[in-house]
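Okay, structure.cif now, which holds mmCIF, C-alpha atoms (C1' of nucleotides):
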data_target
#
loop_
_atom_site.label_atom_id
_atom_site.label_comp_id
_atom_site.auth_asym_id
_atom_site.auth_seq_id
_atom_site.Cartn_x
_atom_site.Cartn_y
_atom_site.Cartn_z
CA MET A 768 -49.09 -69.93 -38.89
CA PRO A 769 -47.07 -67.04 -37.53
CA ASN A 770 -47.75 -67.85 -33.91
CA ASN A 771 -44.03 -67.38 -33.45
CA GLY A 772 -41.52 -64.60 -33.10
CA ALA A 773 -42.55 -62.14 -35.74
CA SER A 774 -46.11 -62.00 -34.50
CA LEU A 775 -45.03 -61.49 -30.88
CA ASP A 776 -43.02 -58.56 -32.21
CA ARG A 777 -46.19 -57.04 -33.56
CA VAL A 778 -48.28 -57.70 -30.47
CA PHE A 779 -45.79 -56.17 -28.06
CA GLN A 780 -45.18 -53.33 -30.47
CA ALA A 781 -48.92 -52.69 -30.53
CA LEU A 782 -49.07 -52.67 -26.74
CA ALA A 783 -46.08 -50.33 -26.52
CA ASP A 784 -48.25 -47.30 -27.17
CA ALA A 785 -50.47 -45.69 -24.55
CA THR A 786 -53.11 -44.73 -27.11
CA ARG A 787 -53.39 -48.29 -28.34
CA ARG A 788 -53.48 -49.65 -24.81
CA ALA A 789 -56.29 -47.22 -24.07
CA MET A 790 -58.17 -48.55 -27.08
CA VAL A 791 -57.68 -52.10 -25.82
CA GLU A 792 -58.82 -51.11 -22.33
CA ARG A 793 -61.93 -49.72 -23.91
CA LEU A 794 -62.60 -52.75 -26.05
CA VAL A 795 -62.31 -55.29 -23.25
CA ARG A 796 -65.47 -53.67 -21.83
CA GLY A 797 -67.31 -54.35 -25.05
CA PRO A 798 -67.37 -53.57 -28.78
CA ALA A 799 -67.12 -50.00 -30.00
CA SER A 800 -67.23 -48.07 -33.26
CA VAL A 801 -64.21 -46.22 -34.59
CA SER A 802 -65.53 -42.87 -33.44
CA ASP A 803 -66.42 -44.28 -30.03
CA LEU A 804 -62.78 -45.27 -29.80
CA ALA A 805 -61.65 -41.90 -31.08
CA HIS A 806 -63.87 -39.80 -28.88
CA PRO A 807 -61.72 -39.66 -25.69
CA LEU A 808 -58.45 -39.50 -27.61
CA PRO A 809 -56.64 -36.21 -28.28
CA MET A 810 -55.98 -36.80 -31.95
CA SER A 811 -57.55 -36.86 -35.38
CA LEU A 812 -59.75 -39.67 -36.66
CA PRO A 813 -57.20 -40.82 -39.24
CA ALA A 814 -54.65 -41.15 -36.46
CA VAL A 815 -57.03 -43.40 -34.54
CA MET A 816 -57.60 -45.40 -37.72
CA GLN A 817 -53.89 -45.98 -38.03
CA HIS A 818 -53.68 -47.21 -34.47
CA LEU A 819 -56.61 -49.47 -35.18
CA GLN A 820 -54.79 -50.88 -38.19
CA VAL A 821 -51.81 -51.70 -35.98
CA LEU A 822 -54.10 -53.48 -33.54
CA GLU A 823 -55.75 -55.39 -36.36
CA ALA A 824 -52.46 -56.25 -38.06
CA CYS A 825 -51.33 -58.18 -35.01
CA GLY A 826 -54.72 -59.79 -34.52
CA LEU A 827 -55.44 -58.10 -31.21
CA VAL A 828 -58.60 -56.49 -32.55
CA ARG A 829 -61.03 -57.41 -35.26
CA SER A 830 -63.71 -55.25 -36.85
CA GLU A 831 -66.62 -55.51 -39.22
CA LYS A 832 -68.39 -52.80 -41.08
CA ALA A 833 -72.17 -52.64 -41.00
CA GLY A 834 -73.73 -49.82 -42.93
CA ARG A 835 -71.40 -46.88 -42.41
CA VAL A 836 -70.18 -47.85 -38.97
CA ARG A 837 -67.26 -50.14 -38.30
CA THR A 838 -67.58 -52.06 -35.05
CA CYS A 839 -64.43 -53.26 -33.32
CA HIS A 840 -64.00 -56.00 -30.78
CA ILE A 841 -61.04 -57.50 -29.02
CA GLU A 842 -59.48 -60.89 -29.79
CA PRO A 843 -58.48 -62.19 -26.37
CA GLU A 844 -56.39 -65.12 -27.56
CA VAL A 845 -53.72 -62.85 -28.96
CA LEU A 846 -53.51 -60.94 -25.70
CA ARG A 847 -53.11 -64.31 -24.09
CA ALA A 848 -50.19 -65.20 -26.37
CA ALA A 849 -48.29 -62.17 -25.14
CA GLU A 850 -49.06 -63.05 -21.56
CA ASP A 851 -47.88 -66.61 -22.18
CA TRP A 852 -44.47 -65.49 -23.35
CA ILE A 853 -43.99 -63.48 -20.17
CA VAL A 854 -45.18 -66.31 -17.96
CA ARG A 855 -42.84 -68.68 -19.76
CA GLN A 856 -39.96 -66.42 -18.72
CA ARG A 857 -41.01 -66.44 -15.12
CA THR A 858 -40.80 -70.21 -14.85
CA PRO A 859 -37.03 -70.54 -15.47
CA TRP A 860 -36.00 -67.96 -12.95
CA GLU A 861 -38.37 -69.39 -10.39
CA LYS A 862 -36.64 -72.74 -10.86
CA ARG A 863 -33.35 -70.93 -10.60
CA LEU A 864 -34.39 -69.50 -7.26
CA ASP A 865 -35.17 -73.03 -6.08
CA ARG A 866 -31.70 -74.25 -6.95
CA LEU A 867 -30.32 -71.14 -5.32
CA GLY A 868 -31.87 -72.29 -2.07
CA ASP A 869 -30.07 -75.61 -2.42
CA GLN A 870 -26.63 -74.30 -3.19
CA LEU A 871 -26.40 -70.83 -1.78
CA THR A 872 -22.82 -71.54 -0.79
CA ALA A 873 -21.71 -73.06 -4.09
CA PRO A 874 -18.80 -71.51 -6.02
CA PRO A 875 -19.60 -68.72 -8.52
CA ALA A 876 -18.91 -71.20 -11.33
CA THR A 877 -19.04 -70.22 -14.99
CA PRO A 878 -22.09 -68.01 -15.40
CA GLU A 879 -22.14 -68.92 -19.09
CA GLN A 880 -19.77 -71.10 -21.07
CA ARG A 881 -18.48 -69.98 -24.46
CA SER A 882 -19.61 -72.36 -27.17
CA THR A 883 -16.30 -73.78 -28.42
CA SER A 884 -13.21 -71.86 -27.63
CA MET B 57 -42.78 -43.74 -9.11
CA PRO B 58 -43.35 -44.24 -12.81
CA ASN B 59 -45.24 -47.47 -12.43
CA ASN B 60 -47.68 -45.92 -14.85
CA GLY B 61 -48.18 -45.41 -18.55
CA ALA B 62 -44.86 -44.13 -19.76
CA SER B 63 -42.94 -46.96 -18.20
CA LEU B 64 -45.29 -49.60 -19.59
CA ASP B 65 -44.59 -48.00 -22.96
CA ARG B 66 -40.91 -48.68 -22.51
CA VAL B 67 -41.32 -52.22 -21.22
CA PHE B 68 -43.57 -53.33 -24.06
CA GLN B 69 -41.39 -51.49 -26.53
CA ALA B 70 -38.39 -53.38 -25.16
CA LEU B 71 -40.22 -56.69 -25.53
CA ALA B 72 -41.29 -55.84 -29.07
CA ASP B 73 -37.95 -56.89 -30.49
CA ALA B 74 -36.92 -60.50 -31.01
CA THR B 75 -33.28 -59.79 -30.22
CA ARG B 76 -34.20 -58.22 -26.90
CA ARG B 77 -36.58 -61.05 -26.07
CA ALA B 78 -33.77 -63.50 -26.81
CA MET B 79 -31.56 -61.61 -24.37
CA VAL B 80 -34.29 -61.80 -21.74
CA GLU B 81 -34.77 -65.51 -22.40
CA ARG B 82 -31.08 -65.94 -21.82
CA LEU B 83 -31.02 -63.90 -18.66
CA VAL B 84 -33.88 -65.70 -16.95
CA ARG B 85 -31.58 -68.74 -16.88
CA GLY B 86 -28.96 -66.77 -15.02
CA PRO B 87 -26.64 -63.77 -15.24
CA ALA B 88 -24.47 -63.23 -18.29
CA SER B 89 -21.79 -60.86 -19.52
CA VAL B 90 -22.34 -58.56 -22.49
CA SER B 91 -20.35 -60.79 -24.81
CA ASP B 92 -22.16 -63.89 -23.53
CA LEU B 93 -25.33 -62.13 -24.55
CA ALA B 94 -23.84 -61.07 -27.86
CA HIS B 95 -22.36 -64.44 -28.80
CA PRO B 96 -25.45 -66.11 -30.33
CA LEU B 97 -26.70 -62.91 -31.92
CA PRO B 98 -26.06 -62.06 -35.58
CA MET B 99 -24.94 -58.49 -34.99
CA SER B 100 -22.12 -56.31 -33.76
CA LEU B 101 -21.27 -55.78 -30.12
CA PRO B 102 -22.32 -52.13 -30.16
CA ALA B 103 -25.71 -53.19 -31.46
CA VAL B 104 -26.09 -55.58 -28.55
CA MET B 105 -25.03 -52.81 -26.20
CA GLN B 106 -27.79 -50.62 -27.55
CA HIS B 107 -30.35 -53.34 -27.00
CA LEU B 108 -29.01 -53.77 -23.50
CA GLN B 109 -29.44 -50.06 -22.89
CA VAL B 110 -33.08 -50.32 -23.93
CA LEU B 111 -33.57 -53.20 -21.52
CA GLU B 112 -31.90 -51.27 -18.74
CA ALA B 113 -33.77 -48.06 -19.49
CA CYS B 114 -37.07 -49.77 -18.75
CA GLY B 115 -35.70 -51.56 -15.71
CA LEU B 116 -36.07 -55.03 -17.17
CA VAL B 117 -32.36 -55.72 -16.78
CA ARG B 118 -29.70 -54.44 -14.45
CA SER B 119 -25.95 -54.79 -14.74
CA GLU B 120 -22.80 -54.15 -12.76
CA LYS B 121 -19.28 -53.90 -13.98
CA ALA B 122 -16.56 -55.86 -12.21
CA GLY B 123 -13.11 -55.48 -13.64
CA ARG B 124 -13.58 -55.28 -17.35
CA VAL B 125 -16.66 -57.48 -17.55
CA ARG B 126 -20.19 -56.21 -17.15
CA THR B 127 -22.55 -58.79 -15.73
CA CYS B 128 -26.26 -58.50 -16.48
CA HIS B 129 -29.19 -59.97 -14.65
CA ILE B 130 -32.92 -59.76 -15.07
CA GLU B 131 -35.27 -57.73 -12.90
CA PRO B 132 -38.37 -59.93 -12.66
CA GLU B 133 -40.68 -57.36 -11.09
CA VAL B 134 -40.74 -55.26 -14.23
CA LEU B 135 -41.61 -58.28 -16.32
CA ARG B 136 -44.37 -58.84 -13.85
CA ALA B 137 -45.70 -55.31 -14.31
CA ALA B 138 -46.20 -55.98 -18.00
CA GLU B 139 -47.90 -59.26 -17.25
CA ASP B 140 -50.16 -57.51 -14.76
CA TRP B 141 -51.44 -55.05 -17.31
CA ILE B 142 -52.42 -57.88 -19.63
CA VAL B 143 -54.08 -59.84 -16.84
CA ARG B 144 -55.99 -56.73 -15.80
CA GLN B 145 -57.44 -56.61 -19.32
CA ARG B 146 -58.53 -60.21 -19.17
CA THR B 147 -60.67 -59.65 -16.10
CA PRO B 148 -63.21 -57.23 -17.65
CA TRP B 149 -63.94 -59.34 -20.67
CA GLU B 150 -64.25 -62.44 -18.55
CA LYS B 151 -66.86 -60.61 -16.51
CA ARG B 152 -68.45 -59.54 -19.74
CA LEU B 153 -68.71 -63.15 -20.81
CA ASP B 154 -70.47 -63.92 -17.52
CA ARG B 155 -73.08 -61.26 -18.12
CA LEU B 156 -73.39 -62.53 -21.67
CA GLY B 157 -74.48 -65.87 -20.25
CA ASP B 158 -77.22 -64.12 -18.28
CA GLN B 159 -78.67 -61.95 -21.00
CA LEU B 160 -77.86 -63.61 -24.28
CA THR B 161 -81.23 -62.49 -25.58
CA ALA B 162 -81.04 -58.88 -24.40
CA PRO B 163 -81.40 -56.00 -26.90
CA PRO B 164 -78.24 -54.79 -28.69
CA ALA B 165 -78.39 -51.64 -26.51
CA THR B 166 -75.96 -48.75 -26.93
CA PRO B 167 -72.48 -50.21 -27.39
CA GLU B 168 -71.00 -46.93 -26.12
CA GLN B 169 -72.73 -43.69 -25.25
CA ARG B 170 -71.46 -40.37 -26.58
CA SER B 171 -70.44 -38.13 -23.69
CA THR B 172 -72.89 -35.21 -24.00
CA SER B 173 -74.63 -34.69 -27.27
"C1'" DT C 1455 5.54 -53.05 -21.29
"C1'" DG C 1456 2.62 -54.13 -24.67
"C1'" DA C 1457 -0.83 -57.14 -26.78
"C1'" DA C 1458 -5.29 -59.31 -26.12
"C1'" DT C 1459 -9.81 -59.05 -24.21
"C1'" DG C 1460 -14.13 -56.82 -22.97
"C1'" DG C 1461 -16.62 -52.93 -23.34
"C1'" DT C 1462 -17.87 -48.10 -24.78
"C1'" DT C 1463 -18.54 -43.81 -27.60
"C1'" DA C 1464 -19.80 -41.39 -31.60
"C1'" DA C 1465 -21.39 -40.52 -36.05
"C1'" DG C 1466 -24.15 -41.81 -39.75
"C1'" DC C 1467 -27.88 -44.08 -42.41
"C1'" DG C 1468 -32.07 -46.19 -44.17
"C1'" DA C 1469 -36.49 -47.74 -42.33
"C1'" DT C 1470 -40.34 -47.18 -39.42
"C1'" DT C 1471 -43.55 -44.38 -36.24
"C1'" DA C 1472 -46.99 -41.31 -34.98
"C1'" DC C 1473 -48.97 -37.98 -36.24
"C1'" DT C 1474 -51.02 -34.02 -39.45
"C1'" DT C 1475 -54.03 -31.87 -43.22
"C1'" DG C 1476 -56.92 -32.15 -47.10
"C1'" DA C 1477 -59.60 -34.49 -50.16
"C1'" DC C 1478 -62.95 -37.96 -50.78
"C1'" DC C 1479 -66.43 -41.99 -50.56
"C1'" DA C 1480 -70.65 -44.23 -48.69
"C1'" DT C 1481 -74.69 -44.55 -45.82
"C1'" DT C 1482 -78.47 -42.42 -43.70
"C1'" DC C 1483 -82.04 -39.17 -43.06
"C1'" DG C 1484 -84.71 -34.55 -43.36
"C1'" DC D 542 -82.18 -34.60 -53.66
"C1'" DG D 543 -78.67 -32.94 -50.70
"C1'" DA D 544 -76.58 -32.36 -46.22
"C1'" DA D 545 -74.80 -34.67 -42.16
"C1'" DT D 546 -72.44 -38.55 -40.33
"C1'" DG D 547 -68.88 -42.08 -40.16
"C1'" DG D 548 -65.03 -43.61 -42.16
"C1'" DT D 549 -61.04 -43.89 -45.49
"C1'" DC D 550 -57.03 -42.61 -48.62
"C1'" DA D 551 -52.85 -40.12 -49.64
"C1'" DA D 552 -49.06 -37.40 -48.93
"C1'" DG D 553 -45.91 -35.13 -46.02
"C1'" DT D 554 -43.01 -34.56 -41.80
"C1'" DA D 555 -40.31 -34.69 -37.60
"C1'" DA D 556 -38.69 -38.04 -34.45
"C1'" DT D 557 -37.20 -42.55 -33.23
"C1'" DC D 558 -35.24 -47.29 -34.29
"C1'" DG D 559 -31.90 -50.80 -35.37
"C1'" DC D 560 -27.97 -51.25 -37.12
"C1'" DT D 561 -23.20 -50.29 -39.01
"C1'" DT D 562 -18.14 -48.85 -38.88
"C1'" DA D 563 -14.31 -46.67 -36.79
"C1'" DA D 564 -12.00 -45.15 -33.06
"C1'" DC D 565 -11.02 -45.56 -28.25
"C1'" DC D 566 -10.62 -46.74 -23.10
"C1'" DA D 567 -9.67 -50.07 -19.29
"C1'" DT D 568 -8.34 -54.40 -17.36
"C1'" DT D 569 -5.69 -58.44 -17.51
"C1'" DC D 570 -1.84 -61.17 -18.45
"C1'" DA D 571 2.46 -63.08 -20.92
#
Whole structure, structure tokens version:
Amino acid sequence: MPNNGASLDRVFQALADATRRAMVERLVRGPASVSDLAHPLPMSLPAVMQHLQVLEACGLVRSEKAGRVRTCHIEPEVLRAAEDWIVRQRTPWEKRLDRLGDQLTAPPATPEQRSTS
Amino acid sequence: MPNNGASLDRVFQALADATRRAMVERLVRGPASVSDLAHPLPMSLPAVMQHLQVLEACGLVRSEKAGRVRTCHIEPEVLRAAEDWIVRQRTPWEKRLDRLGDQLTAPPATPEQRSTS
DNA sequence: TGAATGGTTAAGCGATTACTTGACCATTCG
DNA sequence: CGAATGGTCAAGTAATCGCTTAACCATTCA
């Protein structure tokens, strides 16, 4: 289960594009077809398809085809995984700020010790 | 103030790389020099420098040089901006789930209306 | 002074991105 | 049937990415 690093790569990479974020913003308001997604975007349909493939590759979006129309919907858990990583970063530096309150006058100390040398 | 699209692009792009995320994970535990950052990473110093430049370009990290050592620290507000975008997406689909509870039996309706045609 | 340490610059390279155009397939409907 | 609609495939391209090596500068210290 690639719930780890490589998949976070893909999720953040997917979110690193304004077009794709716009597609996500659209999909959180409800499912949409590929051309619904494409309609407000200033690019060709194949381009939108490629963005959609990026979103699907990282699990952020899923889609099924019924007749000739493919309907896309968002997969909120993956969005949540990205959020979780960020939140997990916040916790350590919040703790650090606590300790900073305790020992504001402590010596600068070693900011980071070299492993063995 | 580029609190908007283009800067979110850069932040997510910065986070879309495992090396850069590792650097962030390190920095949330406290400031570090460039070579501190580089030490656990399987790549050359210049490569780390380039990653650092990406992190600085999006405001996620700041650094000052004292003597011959450059000390880097994280800039939590930018991390927060990325988190905020994700959270803002969660809200609409949570609301959507509420409405879904109300009208589970409603007609499929128009998933998205074409603008004018 | 001169060597070690810490960082920086520049050039180059293969891989990946974000598109494009053009052709094409499949479903639906007059 | 045959045209319109919705989507897909393939190839090409310019720009960006992640990394390397080699050379170099600046601070510190024996």
For D:DA544, list every protein, DNA or RNA residue within 10 Å, evaluated using all atoms listed in the file, and leave out those in the same chain fewer than 2 positions away; present the list as a PyMOL selection string. (chain C and resi 1483-1484) or (chain D and resi 542+546)
To box stretch 1467-1476 of chain C, take all atoms listed in the file, fit an axis-aligned box, add 6 Å on each side, and give centre and edge lengths in Å to one decimal, as JSON.
{"center_x": -42.4, "center_y": -39.8, "center_z": -41.0, "size_x": 41.0, "size_y": 27.9, "size_z": 24.1}
Hits from the PyMOL selection byres ((chain D) within 10 of (chain B)), listed as an MDAnalysis selection string: chainID D and resid 559:562 567:569
Which residues of chain B sit at most 8 Å from chain A, using all atoms listed in the file? Give each one's shortest atom pair and distance in Å (one decimal place), in chain and ascending residue order, as CSV.
residue,atom,partner,partner_atom,distance
B:Gly61,CA,A:Ala785,CA,6.4
B:Ala62,CA,A:Ala785,CA,7.5
B:Leu64,CA,A:Ala783,CA,7.0
B:Asp65,CA,A:Ala783,CA,4.5
B:Arg66,CA,A:Ala783,CA,6.7
B:Val67,CA,A:Ala783,CA,7.4
B:Phe68,CA,A:Ala783,CA,4.6
B:Gln69,CA,A:Ala783,CA,4.8
B:Leu71,CA,A:Phe779,CA,6.1
B:Ala72,CA,A:Asp776,CA,4.5
B:Asp73,CA,A:Asp776,CA,5.6
B:Ala74,CA,A:Gly772,CA,6.5
B:Val80,CA,A:Gln856,CA,7.9
B:Glu81,CA,A:Gln856,CA,6.4
B:Val84,CA,A:Trp860,CA,5.1
B:Arg85,CA,A:Pro859,CA,5.9
B:Gly86,CA,A:Pro878,CA,7.0
B:Pro87,CA,A:Pro878,CA,6.2
B:Ala88,CA,A:Pro878,CA,6.1
B:Asp92,CA,A:Glu879,CA,6.7
B:Pro132,CA,A:Arg857,CA,7.4
B:Leu135,CA,A:Ile853,CA,6.9
B:Arg136,CA,A:Ile853,CA,7.8
B:Glu139,CA,A:Glu850,CA,5.9
B:Ile142,CA,A:Glu850,CA,6.5
B:Val143,CA,A:Glu850,CA,7.6
B:Gln145,CA,A:Val795,CA,6.4
B:Arg146,CA,A:Val795,CA,7.4
B:Pro148,CA,A:Arg796,CA,5.9
B:Trp149,CA,A:Val795,CA,5.1
B:Arg152,CA,A:Arg796,CA,6.9
B:Pro167,CA,A:Ala799,CA,6.0
B:Glu168,CA,A:Ala799,CA,6.3
B:Gln169,CA,A:Asp803,CA,7.9
B:Arg170,CA,A:Asp803,CA,7.3
Write to file, as a PDB file, in the frame of the given file, the residues of the selection just made, with C-alpha atoms.
ATOM      1  CA  GLY B  61     -48.180 -45.410 -18.550  1.00  0.00           C
ATOM      2  CA  ALA B  62     -44.860 -44.130 -19.760  1.00  0.00           C
ATOM      3  CA  LEU B  64     -45.290 -49.600 -19.590  1.00  0.00           C
ATOM      4  CA  ASP B  65     -44.590 -48.000 -22.960  1.00  0.00           C
ATOM      5  CA  ARG B  66     -40.910 -48.680 -22.510  1.00  0.00           C
ATOM      6  CA  VAL B  67     -41.320 -52.220 -21.220  1.00  0.00           C
ATOM      7  CA  PHE B  68     -43.570 -53.330 -24.060  1.00  0.00           C
ATOM      8  CA  GLN B  69     -41.390 -51.490 -26.530  1.00  0.00           C
ATOM      9  CA  LEU B  71     -40.220 -56.690 -25.530  1.00  0.00           C
ATOM     10  CA  ALA B  72     -41.290 -55.840 -29.070  1.00  0.00           C
ATOM     11  CA  ASP B  73     -37.950 -56.890 -30.490  1.00  0.00           C
ATOM     12  CA  ALA B  74     -36.920 -60.500 -31.010  1.00  0.00           C
ATOM     13  CA  VAL B  80     -34.290 -61.800 -21.740  1.00  0.00           C
ATOM     14  CA  GLU B  81     -34.770 -65.510 -22.400  1.00  0.00           C
ATOM     15  CA  VAL B  84     -33.880 -65.700 -16.950  1.00  0.00           C
ATOM     16  CA  ARG B  85     -31.580 -68.740 -16.880  1.00  0.00           C
ATOM     17  CA  GLY B  86     -28.960 -66.770 -15.020  1.00  0.00           C
ATOM     18  CA  PRO B  87     -26.640 -63.770 -15.240  1.00  0.00           C
ATOM     19  CA  ALA B  88     -24.470 -63.230 -18.290  1.00  0.00           C
ATOM     20  CA  ASP B  92     -22.160 -63.890 -23.530  1.00  0.00           C
ATOM     21  CA  PRO B 132     -38.370 -59.930 -12.660  1.00  0.00           C
ATOM     22  CA  LEU B 135     -41.610 -58.280 -16.320  1.00  0.00           C
ATOM     23  CA  ARG B 136     -44.370 -58.840 -13.850  1.00  0.00           C
ATOM     24  CA  GLU B 139     -47.900 -59.260 -17.250  1.00  0.00           C
ATOM     25  CA  ILE B 142     -52.420 -57.880 -19.630  1.00  0.00           C
ATOM     26  CA  VAL B 143     -54.080 -59.840 -16.840  1.00  0.00           C
ATOM     27  CA  GLN B 145     -57.440 -56.610 -19.320  1.00  0.00           C
ATOM     28  CA  ARG B 146     -58.530 -60.210 -19.170  1.00  0.00           C
ATOM     29  CA  PRO B 148     -63.210 -57.230 -17.650  1.00  0.00           C
ATOM     30  CA  TRP B 149     -63.940 -59.340 -20.670  1.00  0.00           C
ATOM     31  CA  ARG B 152     -68.450 -59.540 -19.740  1.00  0.00           C
ATOM     32  CA  PRO B 167     -72.480 -50.210 -27.390  1.00  0.00           C
ATOM     33  CA  GLU B 168     -71.000 -46.930 -26.120  1.00  0.00           C
ATOM     34  CA  GLN B 169     -72.730 -43.690 -25.250  1.00  0.00           C
ATOM     35  CA  ARG B 170     -71.460 -40.370 -26.580  1.00  0.00           C
TER      36      ARG B 170
END
Which polymer residues, whether protein, DNA or RNA, lie within 12 Å of the coordinate (-21.6, -45.3, -26.8) when you count only C-alpha atoms (C1' of nucleotides)? List them as an NGL selection string, using the chain letters and numbers from the file. (:B and (101-109)) or (:C and (1461-1465)) or (:D and (564-566))
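Residues selected in this file by the PyMOL selection byres ((chain C and resi 1471-1478) around 8) comprise A:Ala814, C:DT1470, C:DC1479, D:DC550, D:DT557.
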From the list B:Glu131, B:Val90, B:Ala137, B:Val117, which residue is nearest chain C when using only C-alpha atoms (C1' of nucleotides)? B:Val90
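Atom CA of A:Val845 lies 14.6 Å from atom CA of A:Arg787.
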Quote the spacing between atom C1' of D:DG548 and atom CA of A:Cys839 in Å to one decimal place. 13.1 Å
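Here atom C1' of C:DT1482 is placed at a distance of 28.6 Å from atom CA of A:Leu822.
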Got a sec to write chain C of the block to a file, C-alpha atoms (C1' of nucleotides), as a compact mmCIF listing (two decimals), in the first residue's frame?
# COMPACT_ATOMS: atom_id res chain seq x y z
C1' DT C 1455 50.17 32.12 5.56
C1' DG C 1456 48.00 28.40 3.96
C1' DA C 1457 44.98 24.41 4.56
C1' DA C 1458 40.42 22.93 5.97
C1' DT C 1459 35.60 23.91 6.19
C1' DG C 1460 31.19 25.59 4.49
C1' DG C 1461 28.96 27.31 0.81
C1' DT C 1462 28.21 28.96 -4.06
C1' DT C 1463 28.29 29.28 -9.23
C1' DA C 1464 28.00 27.47 -13.70
C1' DA C 1465 27.41 24.30 -17.27
C1' DG C 1466 25.47 20.23 -18.87
C1' DC C 1467 22.32 16.22 -19.23
C1' DG C 1468 18.53 12.94 -19.25
C1' DA C 1469 13.77 12.77 -17.62
C1' DT C 1470 9.41 14.80 -16.95
C1' DT C 1471 5.69 18.51 -17.78
C1' DA C 1472 2.16 20.84 -19.99
C1' DC C 1473 0.60 21.61 -23.68
C1' DT C 1474 -0.58 21.23 -29.03
C1' DT C 1475 -2.65 19.16 -33.43
C1' DG C 1476 -4.66 15.54 -35.96
C1' DA C 1477 -6.70 11.34 -36.34
C1' DC C 1478 -9.95 8.24 -34.48
C1' DC C 1479 -13.53 5.43 -31.71
C1' DA C 1480 -18.12 4.89 -29.48
C1' DT C 1481 -22.68 6.32 -28.15
C1' DT C 1482 -26.76 8.71 -29.18
C1' DC C 1483 -30.28 10.66 -31.92
C1' DG C 1484 -32.67 12.86 -36.16
